[in-house]
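Q: Got a structure for you, questions after.
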2 protein chains.
Amino acid sequence: MATPATGNRPTPERIFNTLNAYQQAAALKTAIEVDVFTAIGAGANTAATIAAKTGAAEKGVRVLCDYMTIQGFLTKENGRYALTQESALFLDRKSPACLASMVGFLGGEELRDNFEFLTQAVRKGGSVWSEGSDNTKPNDEFWVAFARSMAPLTVPSAEFIGGLIRAQEGQPMKVLDIAAGHGMYGISIARKNPKAEVAALDWPNVLQVAQENAKKFGVADRYSVRPGSAFEAEMGTGYDYALLTNIFHHFDTAGCETLMRRVHAALKPGGKAITLEFVPNDDRVSPPTAAAFSLIMLANTDAGDAYTFSEYEKMFRNAGFVKSTLHPVPEMPQQVIVSEKPA
Amino acid sequence: MATPATGNRPTPERIFNTLNAYQQAAALKTAIEVDVFTAIGAGANTAATIAAKTGAAEKGVRVLCDYMTIQGFLTKENGRYALTQESALFLDRKSPACLASMVGFLGGEELRDNFEFLTQAVRKGGSVWSEGSDNTKPNDEFWVAFARSMAPLTVPSAEFIGGLIRAQEGQPMKVLDIAAGHGMYGISIARKNPKAEVAALDWPNVLQVAQENAKKFGVADRYSVRPGSAFEAEMGTGYDYALLTNIFHHFDTAGCETLMRRVHAALKPGGKAITLEFVPNDDRVSPPTAAAFSLIMLANTDAGDAYTFSEYEKMFRNAGFVKSTLHPVPEMPQQVIVSEKPA
């Protein structure tokens, strides 16, 4: 919809469509909630049969599925809808890679409500969300929702991190998973490497979700928890790896450095900090998804940001790490930074 | 942001970005409200100078302007922002074609709130908005907001309609502007043709806006009003043209036929009904903006829709019109249908 005007002279259409772009989010959320993708995956392919399967009105289904077709999440030929490769893989609940649960966090009210106050956030230079924008304080309910809904999205990044640290080679390793959330980054390593021991740090209620997942994936006996704030909890020492997935973007540079100094102390000599982040280029406007993440942090945090690699390199050097390297995660908009503590 | 995945295998990025698409709408609304476009048009081109001019925080401005750059509404070179052709024309308040006021209606709470209940609307097959979804009832405040904010968007279509009926040739003509709103379609004809007389029909409070505009554009002496519902108000007779701009999409086909029969009675023999609408192709999924309009009507009306040309042709034939022709409006996603009452 919001594609650039192709003619020589600009038209009002793109502005109209951008002001209506909240409808794209609402429609995908609704399509997931009504579950038209699973219905189509199971063989229903007309508005009437999808309506019968989902219990929704035929007109509602027709209009919604047409919109999903316009958005490229379905195809339509002679009045019959079909899944695209993308929706079959990620939106049909029968697919093992289904991401439908993401709607529970990304489509939740907290995040969207903060964008209702985006103008105030731009004027202030940070979130006006009084309850949850300071991420050094517990906000259990919000992060439990995150942990429950965002786990499927971790798979490609968790696989990639496991490969980077050669988890599959089976060497004994102690891993600290900081702000573990659903725990899937650490759990993925423990599944690949039967000699890996993982300690997960997060707020107590969130750690319950991580522990459920550790049990579900059969690694609970090598899984321990360290409840509390990443800035205050007892982290322990002697770790080979510390995982810092999607945490730094919540804080200002001083906060990131403070946290990274604690990580430095917890790692053994030669240990590595593994950071997963949205890392824009120095121009801060590319690549699009990583660069745009900065706005999400402006709306939702006091002082968070999407930092560039040179900013991270400097913060991590200040915290005692000698070398950081950047690794794009295949198929994902995020990157991994590997930082070494001197041996 | 929400561009199709280009690789062979789909990635989660587009789903992530689509669930976040409400942020595109919020960011453009905020950029208009903070008025970064006018500030940049007036020469500010760094986050610091734009912040100084707008009174917003430098960090907020930097993040917002980067996001606007990612969305293609600004450019950025060496940390300096510039307007695109599109934003200079439509978003800088100094531009005569500025559309910034649209945010007052399209970004308003009513429309967006209805999309909070889109899942329920799909299940029901129509809006769950109890107050305003029946557009045969007055809903003054909503339509006054519409009239005040959407007038600038009418210019290309109003110019086109004026040309279609050869207003500039200066023949005497009586024009009935149904659901006139801001009145700009009829007023535009009166401005082009000093012998045109325009009667505007709408709810009383809305007509005040139309009358203000008629005065502002110097045609008040040839401008009369007919307050009330398009289904009930006394329309008068003997019109050469009846304008039906963006009205049919609010009703079911029976309602459209009823209204068009009233229009037929009001026109003189050989008179023409001029309909401006979002008219999707028979596939209902193209062209994108016209086809997507159907979802807006599902969320906001009891029984409205974006009808195809063959559906309009049939409804208008049932109402007594012998011939309808379709005319795309240049630079706009809408089309005009000209329908003739037999001479």
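Order determines the names: the first chain of the structure tokens is A, the second B, and so forth; residues in each chain are numbered 1 upward, and ligands are numbered 1 upward as they are shown.
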Tell me as a VMD selection string which residues belonging to chain B come within 6 Å of chain A, counting only C-alpha atoms.

A: chain B and resid 10 to 11 18 to 19 21 to 22 25 30 56 to 57 59 to 60 63 66 to 67 70 86 119 122 to 125 285 288 292 295 331

Q: Any idea what's packed within 8 Å of Ala158 of chain A, counting only C-alpha atoms, ignoring anything in its chain fewer than 2 positions away? Could you give it as a list in words?

A: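 The neighbour list is Thr154, Val155, Pro156, Phe160, Ile161, Gly162, Met184, Tyr185, Ser188 and Ile189 of chain A.
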
Q: Just write the chosen residues, C-alpha atoms, as a PDB file, in the first residue's frame.

A:
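Here's the written file selection.pdb:
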```pdb
ATOM      1  CA  THR A 154      13.841 -16.474  18.244  1.00  0.00           C
ATOM      2  CA  VAL A 155      14.410 -19.668  16.294  1.00  0.00           C
ATOM      3  CA  PRO A 156      16.554 -18.323  13.424  1.00  0.00           C
ATOM      4  CA  PHE A 160      22.664 -18.767  14.405  1.00  0.00           C
ATOM      5  CA  ILE A 161      24.104 -18.000  17.856  1.00  0.00           C
ATOM      6  CA  GLY A 162      24.386 -21.725  18.597  1.00  0.00           C
ATOM      7  CA  MET A 184      14.851 -19.801  24.180  1.00  0.00           C
ATOM      8  CA  TYR A 185      18.324 -18.477  23.333  1.00  0.00           C
ATOM      9  CA  SER A 188      18.562 -23.671  22.268  1.00  0.00           C
ATOM     10  CA  ILE A 189      22.263 -23.909  23.212  1.00  0.00           C
TER      11      ILE A 189
END
```

Q: So that I can check the secondary structure, give me every residue of segment 13-59 of chain B assigned helix (DSSP H, G or I) by backbone DSSP, as a PyMOL selection string.

A: chain B and resi 13-19+22-34+36-41+47-54+58-59

Q: Those same residues, written as a PDB file, in the first residue's frame with C-alpha atoms?

A:
```
ATOM      1  CA  GLU B  13      10.484  -9.503   8.830  1.00  0.00           C
ATOM      2  CA  ARG B  14       7.417  -8.522   6.844  1.00  0.00           C
ATOM      3  CA  ILE B  15       5.022  -9.986   9.422  1.00  0.00           C
ATOM      4  CA  PHE B  16       6.924  -8.168  12.178  1.00  0.00           C
ATOM      5  CA  ASN B  17       6.735  -4.903  10.233  1.00  0.00           C
ATOM      6  CA  THR B  18       3.062  -5.312   9.358  1.00  0.00           C
ATOM      7  CA  LEU B  19       2.086  -5.924  12.994  1.00  0.00           C
ATOM      8  CA  TYR B  22       0.376   1.355  13.194  1.00  0.00           C
ATOM      9  CA  GLN B  23       3.709   3.015  13.931  1.00  0.00           C
ATOM     10  CA  GLN B  24       3.903   4.356  10.367  1.00  0.00           C
ATOM     11  CA  ALA B  25       0.565   6.121  10.830  1.00  0.00           C
ATOM     12  CA  ALA B  26       1.508   7.408  14.287  1.00  0.00           C
ATOM     13  CA  ALA B  27       4.891   8.668  13.080  1.00  0.00           C
ATOM     14  CA  LEU B  28       3.448  10.605  10.137  1.00  0.00           C
ATOM     15  CA  LYS B  29       0.761  12.059  12.395  1.00  0.00           C
ATOM     16  CA  THR B  30       3.451  13.092  14.891  1.00  0.00           C
ATOM     17  CA  ALA B  31       5.694  14.555  12.185  1.00  0.00           C
ATOM     18  CA  ILE B  32       2.734  16.666  11.031  1.00  0.00           C
ATOM     19  CA  GLU B  33       1.843  17.680  14.604  1.00  0.00           C
ATOM     20  CA  VAL B  34       5.419  18.571  15.582  1.00  0.00           C
ATOM     21  CA  VAL B  36       9.035  19.045  11.114  1.00  0.00           C
ATOM     22  CA  PHE B  37       8.140  19.406   7.436  1.00  0.00           C
ATOM     23  CA  THR B  38       7.428  23.127   7.690  1.00  0.00           C
ATOM     24  CA  ALA B  39      10.579  23.587   9.796  1.00  0.00           C
ATOM     25  CA  ILE B  40      12.694  21.819   7.188  1.00  0.00           C
ATOM     26  CA  GLY B  41      10.962  23.754   4.401  1.00  0.00           C
ATOM     27  CA  ALA B  47      18.126  17.442  14.309  1.00  0.00           C
ATOM     28  CA  ALA B  48      19.427  20.323  16.452  1.00  0.00           C
ATOM     29  CA  THR B  49      18.064  23.146  14.289  1.00  0.00           C
ATOM     30  CA  ILE B  50      14.727  21.398  13.645  1.00  0.00           C
ATOM     31  CA  ALA B  51      14.426  20.814  17.407  1.00  0.00           C
ATOM     32  CA  ALA B  52      15.118  24.471  18.081  1.00  0.00           C
ATOM     33  CA  LYS B  53      12.467  25.533  15.553  1.00  0.00           C
ATOM     34  CA  THR B  54       9.779  23.111  16.709  1.00  0.00           C
ATOM     35  CA  GLU B  58      16.737  16.923  19.719  1.00  0.00           C
ATOM     36  CA  LYS B  59      16.757  13.167  20.259  1.00  0.00           C
TER      37      LYS B  59
END
```

Q: Quick one: residues within 8 Å of His249 of chain B, only C-alpha atoms counted, chain neighbours fewer than 2 positions away excluded, as a PyMOL selection string?

A: chain B and resi 246-247+251-252+277+297+304-307

Q: Would you write out those residues with N, CA and C atoms, as a PDB file, in the first residue's frame?

A:
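Once written, result-v7.pdb looks like this:
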```pdb
ATOM      1  N   ASN B 246     -18.349  10.270  -2.447  1.00  0.00           N
ATOM      2  CA  ASN B 246     -18.022   9.469  -1.252  1.00  0.00           C
ATOM      3  C   ASN B 246     -19.219   9.258  -0.332  1.00  0.00           C
ATOM      4  N   ILE B 247     -20.343   8.953  -0.920  1.00  0.00           N
ATOM      5  CA  ILE B 247     -21.512   8.680  -0.079  1.00  0.00           C
ATOM      6  C   ILE B 247     -22.005   7.242  -0.194  1.00  0.00           C
ATOM      7  N   PHE B 251     -23.459   2.598   2.459  1.00  0.00           N
ATOM      8  CA  PHE B 251     -24.750   1.907   2.521  1.00  0.00           C
ATOM      9  C   PHE B 251     -24.739   0.562   1.807  1.00  0.00           C
ATOM     10  N   ASP B 252     -25.749  -0.248   2.088  1.00  0.00           N
ATOM     11  CA  ASP B 252     -25.902  -1.489   1.333  1.00  0.00           C
ATOM     12  C   ASP B 252     -26.523  -1.170  -0.033  1.00  0.00           C
ATOM     13  N   GLU B 277     -16.080   7.808  -6.231  1.00  0.00           N
ATOM     14  CA  GLU B 277     -15.985   6.643  -5.345  1.00  0.00           C
ATOM     15  C   GLU B 277     -14.651   5.914  -5.476  1.00  0.00           C
ATOM     16  N   MET B 297     -14.782   0.455   5.356  1.00  0.00           N
ATOM     17  CA  MET B 297     -16.242   0.470   5.471  1.00  0.00           C
ATOM     18  C   MET B 297     -16.747  -0.665   6.361  1.00  0.00           C
ATOM     19  N   GLY B 304     -21.819  -0.845   4.648  1.00  0.00           N
ATOM     20  CA  GLY B 304     -21.148  -0.209   3.527  1.00  0.00           C
ATOM     21  C   GLY B 304     -20.123  -1.109   2.873  1.00  0.00           C
ATOM     22  N   ASP B 305     -19.611  -0.653   1.709  1.00  0.00           N
ATOM     23  CA  ASP B 305     -18.651  -1.460   0.959  1.00  0.00           C
ATOM     24  C   ASP B 305     -18.014  -0.587  -0.120  1.00  0.00           C
ATOM     25  N   ALA B 306     -16.953  -1.096  -0.708  1.00  0.00           N
ATOM     26  CA  ALA B 306     -16.418  -0.482  -1.924  1.00  0.00           C
ATOM     27  C   ALA B 306     -16.971  -1.297  -3.081  1.00  0.00           C
ATOM     28  N   TYR B 307     -17.921  -0.718  -3.794  1.00  0.00           N
ATOM     29  CA  TYR B 307     -18.608  -1.458  -4.856  1.00  0.00           C
ATOM     30  C   TYR B 307     -17.848  -1.390  -6.174  1.00  0.00           C
TER      31      TYR B 307
END
```

Q: As a PyMOL selection string, list the residues of segment 72-156 of chain A assigned to strand (DSSP E or B) by DSSP on the backbone atoms of this structure.

A: chain A and resi 74-77+80-83

Q: From the set B:Gln171, B:Pro227, B:Arg148, B:Pro194, which residue has the shortest atom-to-atom contact distance to Val209 of chain B, counting only C-alpha atoms?

A: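 The answer is B:Arg148, which sits nearest to Val209 of chain B.
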